[in-house]
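See below for upload.txt, which holds compact mmCIF, C-alpha atoms and all ligand atoms.
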```txt
# COMPACT_ATOMS: atom_id res chain seq x y z
CA MET A 252 -68.30 30.05 1.93
CA ASN A 253 -66.01 33.01 2.26
CA ASN A 254 -63.55 33.49 -0.55
CA VAL A 255 -63.46 37.21 -1.20
CA ILE A 256 -61.52 38.08 -4.35
CA LEU A 257 -62.34 41.79 -4.47
CA GLU A 258 -63.03 43.99 -1.52
CA GLY A 259 -63.83 47.67 -1.20
CA ILE A 260 -63.40 49.41 2.13
CA ALA A 261 -65.02 52.80 2.76
CA ILE A 262 -64.72 53.94 -0.87
CA ARG A 263 -65.35 57.63 -1.24
CA LYS A 264 -65.49 59.65 -4.43
CA VAL A 265 -66.47 63.29 -4.58
CA PHE A 266 -67.08 65.39 -7.72
CA GLY A 267 -67.07 69.04 -6.69
CA GLY A 268 -69.75 69.21 -4.03
CA LEU A 269 -71.37 65.94 -5.02
CA ILE A 270 -70.60 62.78 -3.06
CA ALA A 271 -70.83 60.12 -5.76
CA LEU A 272 -69.66 57.32 -3.44
CA HIS A 273 -70.21 57.67 0.26
CA ASN A 274 -67.89 55.32 2.15
CA VAL A 275 -69.03 52.25 0.24
CA ASP A 276 -67.97 48.82 1.48
CA PHE A 277 -68.38 45.77 -0.70
CA ALA A 278 -67.10 42.24 -1.04
CA VAL A 279 -67.18 40.06 -4.14
CA GLN A 280 -66.86 36.30 -3.77
CA LYS A 281 -64.52 34.53 -6.15
CA GLY A 282 -66.40 32.89 -9.01
CA SER A 283 -69.67 34.68 -8.26
CA ILE A 284 -71.85 37.09 -10.18
CA THR A 285 -72.36 40.23 -8.14
CA ALA A 286 -74.90 42.70 -9.50
CA LEU A 287 -74.62 46.38 -8.75
CA ILE A 288 -77.99 48.08 -9.04
CA GLY A 289 -79.59 51.38 -8.16
CA PRO A 290 -81.34 54.33 -9.80
CA ASN A 291 -79.61 56.57 -12.35
CA GLY A 292 -76.92 58.65 -10.71
CA ALA A 293 -76.56 56.23 -7.78
CA GLY A 294 -72.81 55.88 -8.36
CA LYS A 295 -72.65 52.49 -10.11
CA THR A 296 -70.45 53.58 -13.01
CA THR A 297 -68.31 55.62 -10.64
CA LEU A 298 -67.68 52.50 -8.57
CA ILE A 299 -66.73 50.53 -11.71
CA ASN A 300 -64.45 53.42 -12.71
CA VAL A 301 -62.80 53.38 -9.30
CA ILE A 302 -62.33 49.58 -9.33
CA SER A 303 -60.84 49.63 -12.85
CA GLY A 304 -58.54 52.55 -12.04
CA LEU A 305 -60.11 55.05 -14.41
CA LEU A 306 -60.78 57.15 -11.30
CA ARG A 307 -58.87 57.28 -8.04
CA PRO A 308 -60.98 57.09 -4.91
CA ASP A 309 -60.69 60.13 -2.62
CA ALA A 310 -60.60 57.80 0.36
CA GLY A 311 -60.87 54.11 1.09
CA CYS A 312 -59.16 51.20 -0.53
CA ILE A 313 -59.80 48.31 -2.90
CA LYS A 314 -58.09 44.99 -2.49
CA LEU A 315 -57.66 42.12 -4.90
CA TYR A 316 -57.26 39.35 -2.32
CA THR A 317 -54.74 41.04 -0.03
CA THR A 318 -53.15 43.31 -2.66
CA VAL A 319 -54.21 46.94 -2.52
CA ILE A 320 -55.01 47.99 -6.11
CA SER A 321 -56.74 51.33 -5.54
CA GLY A 322 -54.53 54.18 -6.65
CA LEU A 323 -52.77 52.07 -9.30
CA PRO A 324 -53.05 53.25 -12.92
CA SER A 325 -55.70 51.46 -14.95
CA HIS A 326 -53.19 49.47 -17.06
CA ASP A 327 -51.66 48.02 -13.89
CA ILE A 328 -55.10 47.07 -12.61
CA ALA A 329 -55.79 45.43 -15.99
CA ARG A 330 -52.56 43.46 -15.61
CA HIS A 331 -53.84 42.17 -12.29
CA GLY A 332 -56.63 40.52 -14.26
CA ILE A 333 -59.48 43.02 -14.01
CA ALA A 334 -61.18 43.83 -17.33
CA ARG A 335 -64.23 45.94 -18.03
CA THR A 336 -66.75 47.06 -20.58
CA PHE A 337 -68.24 50.54 -20.77
CA GLN A 338 -71.82 51.78 -20.40
CA THR A 339 -71.54 53.13 -23.95
CA ALA A 340 -69.77 50.53 -26.10
CA GLN A 341 -66.25 51.64 -27.04
CA ILE A 342 -65.63 50.36 -30.54
CA PHE A 343 -62.66 51.26 -32.73
CA ALA A 344 -64.42 52.47 -35.84
CA HIS A 345 -61.89 51.72 -38.57
CA MET A 346 -61.01 48.22 -37.41
CA SER A 347 -62.54 44.85 -38.10
CA VAL A 348 -64.38 42.94 -35.40
CA LEU A 349 -61.35 40.64 -34.94
CA GLU A 350 -58.92 43.57 -34.72
CA ASN A 351 -61.14 45.19 -32.10
CA VAL A 352 -60.70 42.08 -29.95
CA MET A 353 -56.95 41.89 -30.60
CA VAL A 354 -56.63 45.39 -29.15
CA GLY A 355 -57.82 43.95 -25.85
CA MET A 356 -54.81 41.67 -25.64
CA HIS A 357 -52.08 44.28 -25.37
CA VAL A 358 -52.09 43.93 -21.59
CA ARG A 359 -50.99 40.32 -22.03
CA THR A 360 -48.40 40.68 -24.79
CA ARG A 361 -44.70 41.06 -24.20
CA SER A 362 -43.30 42.31 -27.50
CA GLY A 363 -42.00 45.82 -27.43
CA PHE A 364 -42.53 48.32 -30.19
CA PHE A 365 -39.13 47.79 -31.85
CA SER A 366 -39.16 44.01 -31.89
CA ALA A 367 -42.70 44.25 -33.30
CA ALA A 368 -41.55 46.65 -36.03
CA LEU A 369 -38.65 44.30 -36.93
CA ARG A 370 -41.04 41.34 -37.05
CA LEU A 371 -38.74 39.09 -35.06
CA PRO A 372 -39.76 35.42 -34.91
CA HIS A 373 -41.07 35.58 -31.37
CA VAL A 374 -43.23 38.53 -32.42
CA ILE A 375 -44.72 36.61 -35.31
CA ARG A 376 -45.44 33.69 -32.96
CA GLU A 377 -47.05 36.10 -30.56
CA GLU A 378 -49.19 37.62 -33.33
CA HIS A 379 -50.46 34.19 -34.29
CA HIS A 380 -51.27 33.51 -30.67
CA ILE A 381 -53.11 36.84 -30.44
CA ALA A 382 -55.20 36.15 -33.54
CA ARG A 383 -56.09 32.65 -32.32
CA ARG A 384 -57.01 33.86 -28.86
CA ALA A 385 -59.07 36.73 -30.30
CA ALA A 386 -60.92 34.30 -32.57
CA ALA A 387 -61.67 32.10 -29.55
CA CYS A 388 -63.11 35.08 -27.68
CA LEU A 389 -65.34 35.91 -30.65
CA GLU A 390 -66.49 32.30 -30.65
CA THR A 391 -67.33 32.53 -26.94
CA VAL A 392 -69.65 35.48 -27.51
CA GLY A 393 -71.05 34.06 -30.77
CA LEU A 394 -69.54 36.56 -33.20
CA SER A 395 -67.22 34.27 -35.20
CA ASN A 396 -69.22 34.84 -38.37
CA CYS A 397 -68.56 38.58 -38.32
CA ALA A 398 -64.83 38.47 -37.53
CA HIS A 399 -63.77 40.28 -40.71
CA GLN A 400 -66.56 42.83 -40.91
CA LEU A 401 -65.99 46.42 -39.99
CA ALA A 402 -66.91 46.68 -36.30
CA THR A 403 -69.19 49.66 -36.85
CA SER A 404 -71.26 47.64 -39.32
CA LEU A 405 -72.50 45.47 -36.45
CA PRO A 406 -75.89 46.14 -34.88
CA ILE A 407 -75.75 47.60 -31.37
CA GLY A 408 -76.47 44.26 -29.68
CA SER A 409 -73.48 42.66 -31.40
CA GLN A 410 -71.27 45.66 -30.62
CA ARG A 411 -71.95 45.07 -26.94
CA LEU A 412 -70.92 41.41 -27.33
CA LEU A 413 -67.81 42.56 -29.17
CA GLU A 414 -66.87 44.69 -26.20
CA ILE A 415 -67.24 41.67 -23.93
CA ALA A 416 -65.06 39.64 -26.31
CA ARG A 417 -62.39 42.34 -26.13
CA ALA A 418 -62.49 42.31 -22.35
CA LEU A 419 -62.18 38.50 -22.39
CA ALA A 420 -59.12 38.74 -24.63
CA ALA A 421 -57.23 40.13 -21.65
CA GLU A 422 -57.92 36.80 -19.90
CA PRO A 423 -59.46 38.46 -16.84
CA ARG A 424 -60.09 36.90 -13.46
CA ILE A 425 -62.67 39.59 -12.83
CA LEU A 426 -64.94 41.07 -15.48
CA LEU A 427 -66.76 44.35 -14.81
CA LEU A 428 -69.78 44.84 -17.08
CA ASP A 429 -71.44 48.28 -17.11
CA GLU A 430 -75.03 47.89 -18.34
CA PRO A 431 -74.27 45.26 -20.98
CA ALA A 432 -77.97 44.82 -21.80
CA ALA A 433 -78.53 48.49 -22.66
CA GLY A 434 -79.93 48.62 -26.20
CA LEU A 435 -80.57 44.87 -26.39
CA ASN A 436 -83.95 43.33 -27.19
CA THR A 437 -85.51 40.63 -25.04
CA GLN A 438 -84.00 37.75 -27.00
CA GLU A 439 -80.54 39.33 -27.03
CA THR A 440 -80.80 40.01 -23.29
CA ARG A 441 -81.65 36.37 -22.63
CA ALA A 442 -78.65 35.27 -24.71
CA LEU A 443 -76.47 37.73 -22.78
CA GLY A 444 -77.65 36.16 -19.52
CA GLU A 445 -76.63 32.74 -20.80
CA LEU A 446 -73.25 34.09 -21.86
CA ILE A 447 -72.68 35.63 -18.43
CA LEU A 448 -73.50 32.31 -16.76
CA ARG A 449 -71.10 30.50 -19.12
CA LEU A 450 -68.33 32.93 -18.21
CA LYS A 451 -69.02 32.28 -14.55
CA ALA A 452 -68.82 28.53 -15.23
CA GLN A 453 -65.36 29.15 -16.72
CA GLY A 454 -64.34 30.58 -13.36
CA ILE A 455 -64.52 34.29 -14.16
CA THR A 456 -65.81 36.49 -11.34
CA ILE A 457 -68.34 38.99 -12.65
CA VAL A 458 -69.52 42.36 -11.41
CA LEU A 459 -72.62 43.35 -13.35
CA VAL A 460 -74.13 46.82 -13.38
CA GLU A 461 -77.58 46.38 -14.83
CA HIS A 462 -81.01 47.99 -15.01
CA ASP A 463 -82.76 44.93 -16.43
CA MET A 464 -84.08 43.39 -13.20
CA GLU A 465 -85.11 40.15 -14.86
CA LEU A 466 -81.54 39.62 -16.02
CA VAL A 467 -80.17 40.57 -12.60
CA MET A 468 -82.53 38.23 -10.74
CA ASP A 469 -81.76 35.42 -13.20
CA VAL A 470 -77.99 35.49 -12.92
CA ALA A 471 -76.87 37.27 -9.75
CA ASP A 472 -75.61 35.43 -6.68
CA GLU A 473 -75.33 38.67 -4.72
CA ILE A 474 -76.80 42.11 -5.26
CA ILE A 475 -75.42 45.40 -4.00
CA VAL A 476 -77.85 48.32 -4.07
CA LEU A 477 -76.58 51.88 -4.28
CA ASP A 478 -78.70 55.01 -3.86
CA PHE A 479 -77.22 58.51 -3.95
CA GLY A 480 -73.75 57.07 -3.46
CA LYS A 481 -74.67 54.99 -0.40
CA LYS A 482 -74.93 51.25 -0.17
CA ILE A 483 -78.48 50.69 1.08
CA ALA A 484 -78.63 46.90 0.81
CA CYS A 485 -76.70 43.82 -0.21
CA GLY A 486 -77.35 40.12 -0.21
CA PRO A 487 -78.84 37.33 -2.29
CA PRO A 488 -81.53 38.34 -4.85
CA LEU A 489 -84.52 37.20 -2.79
CA SER A 490 -83.54 39.13 0.32
CA VAL A 491 -82.73 42.27 -1.65
CA GLN A 492 -85.97 42.05 -3.62
CA THR A 493 -87.98 42.12 -0.40
CA ASN A 494 -85.85 44.72 1.39
CA PRO A 495 -88.14 47.68 2.28
CA ASP A 496 -85.42 50.29 1.58
CA VAL A 497 -84.85 48.84 -1.87
CA ILE A 498 -88.55 48.71 -2.63
CA ARG A 499 -88.89 52.35 -1.55
CA VAL A 500 -86.04 53.43 -3.84
CA TYR A 501 -87.44 51.56 -6.81
CA LEU A 502 -91.05 52.61 -6.24
CA GLY A 503 -89.82 56.20 -6.04
CA GLN A 504 -88.67 55.92 -9.65
CA GLU A 505 -90.87 56.72 -12.59
CA THR A 506 -90.75 53.09 -13.86
N1 LIG B 601 -66.72 62.77 -14.04
C1 LIG B 601 -67.73 63.27 -13.33
N2 LIG B 601 -67.75 64.58 -12.96
C2 LIG B 601 -68.76 65.07 -12.22
N3 LIG B 601 -69.81 64.36 -11.78
C3 LIG B 601 -69.85 63.06 -12.12
C4 LIG B 601 -68.82 62.45 -12.91
N4 LIG B 601 -69.12 61.14 -13.06
C5 LIG B 601 -70.29 60.95 -12.42
N5 LIG B 601 -70.73 62.10 -11.86
C6 LIG B 601 -71.92 62.24 -11.02
O1 LIG B 601 -71.85 61.28 -10.01
C7 LIG B 601 -73.11 60.70 -9.75
C8 LIG B 601 -73.04 59.22 -9.98
O2 LIG B 601 -72.90 58.98 -11.39
P1 LIG B 601 -72.74 57.53 -11.99
O3 LIG B 601 -71.71 56.80 -11.23
O4 LIG B 601 -72.53 57.70 -13.46
O5 LIG B 601 -74.18 56.91 -11.70
P2 LIG B 601 -74.88 55.59 -12.27
O6 LIG B 601 -73.88 54.86 -13.10
O7 LIG B 601 -75.33 54.86 -11.06
O8 LIG B 601 -76.04 56.09 -13.09
C9 LIG B 601 -74.10 61.41 -10.68
O9 LIG B 601 -74.71 62.46 -9.96
C10 LIG B 601 -73.20 61.94 -11.79
O10 LIG B 601 -73.76 63.10 -12.36
MG MG B 602 -73.88 54.32 -15.09
```
Before we go any further, please render this structure as structure tokens.
Ligand SMILES: Nc1ncnc2c1ncn2[C@@H]1O[C@H](COP(=O)(O)OP(=O)(O)O)[C@@H](O)[C@H]1O
Ligand SMILES: [Mg+2]
Amino acid sequence: MNNVILEGIAIRKVFGGLIALHNVDFAVQKGSITALIGPNGAGKTTLINVISGLLRPDAGCIKLYTTVISGLPSHDIARHGIARTFQTAQIFAHMSVLENVMVGMHVRTRSGFFSAALRLPHVIREEHHIARRAAACLETVGLSNCAHQLATSLPIGSQRLLEIARALAAEPRILLLDEPAAGLNTQETRALGELILRLKAQGITIVLVEHDMELVMDVADEIIVLDFGKKIACGPPLSVQTNPDVIRVYLGQET
């Protein structure tokens, strides 16, 4: 099977004198879960930032199918159907859980500021659609019961799910998750794994940055291993797990 939806070619990102990504190539199959692993500082978040347009690569290119998306501003990349969550959950403090998800839909709405301010009929229809869609996303992640609570009142595990719900509200084809299990307990991590598999079953392609190896091995179809900005291995979980370079990198850590 070869149905590459997202491809990176020789991605390079330099911060001052530090090469955070060293000519990284990668390919993500449509409908798969691709895990991006590696020690702290390996360049995982930088790669997610480059894919989502938060950072521009210094060299190389990223393609969504045949369309070059690297260099586009992040809102354009979002409009192409690429959504993300952040390593540290980004929650709007003074909004309800539902409103936090509705924020994620602005990439899909058409109403301009003035027609929204005038509350024209198509705007009201659109608002209803937004609220319904946001509620459905909360349902998907299991947060329907908390829709009207203040988002900051949620425990950390639920805040991470809320961020996923917000990303889903943009109706992405590709979802980039940056350490979604950080701060979750074992039970919450297991539930997250099930959620990720359900999203895959809905046809969403997932790129998962994760430290929890049990979660990675449970859900990933492909694993890409970064170390000091270089891709040192990629392949299915079993082959990566037994790759001597990967073992060396992980044994070198304090874990
Ligand atoms: N905005 C930045 N400015 C300078 N250095 C950065 C910046 N972002 C990341 N880095 C550096 O790039 C390297 C890779 O970081 P990062 O992508 O966050 O790693 P990971 O997510 O794998 O832990 C690290 O050495 C980090 O300190
Ligand atoms: Mg990171």
If you count all atoms listed in the file, which residues fall within 8 Å of A:Gly259, apart from same-chain ones fewer than 5 positions away, as a ChimeraX atom specification?
-> /A:275-278,311-314
Between A:Gly503, A:Gly480, A:Gly454, A:Pro487, single out the one closest to ligand LIG 601 (chain B), counting all atoms listed in the file.
-> A:Gly480
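The interatomic distance for the pair atom CA of A:Met356 and atom CA of A:Arg424 works out to 14.1 Å.
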Could you report the residues within 12 Å of ligand MG 602 (chain B), using all atoms listed in the file, as a ChimeraX atom specification?
-> /A:271,287-300,336-339,428-431,433,459-462,477,480
Record the distance separating atom CA of A:Leu305 and atom C9 of ligand LIG 601 (chain B), expressed in Å with one decimal.
-> 15.8 Å
Find the axis-aligned box for ligand LIG 601 (chain B), covering all its listed atoms and adding 8 Å on each side, and write its centre and edge lengths in Å to one decimal as lines of an AutoDock Vina configuration file.
```
center_x = -71.4
center_y = 60.0
center_z = -11.9
size_x = 25.3
size_y = 26.2
size_z = 20.3
```
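Summary of the local environment: counting all atoms listed in the file, residues at most 12 Å from A:Gln341, other than itself and those fewer than 4 positions away along its chain, are Arg335, Thr336, Phe337, Asn351, Val352, Val354, Gly355, Ala402, Thr403, Ile407, Gln410, Arg411, Leu412, Leu413, Glu414, Ile415, Arg417, Ala418, Asp429 and Pro431 of chain A.
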Taking into account all atoms listed in the file, which residue in the set A:Gly282, A:Val348, A:Ser325, A:Leu306 is nearest to ligand LIG 601 (chain B)?
->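 Closest residue, counting all atoms listed in the file: A:Leu306.
The shortest atom-to-atom distance to ligand LIG 601 (chain B), with all atoms listed in the file taken into account, belongs to A:Val476 out of A:Ile457, A:Thr493, A:Val476, A:Glu445.
Here atom P1 of ligand LIG 601 (chain B) is placed at a distance of 11.0 Å from atom CA of A:Leu269.
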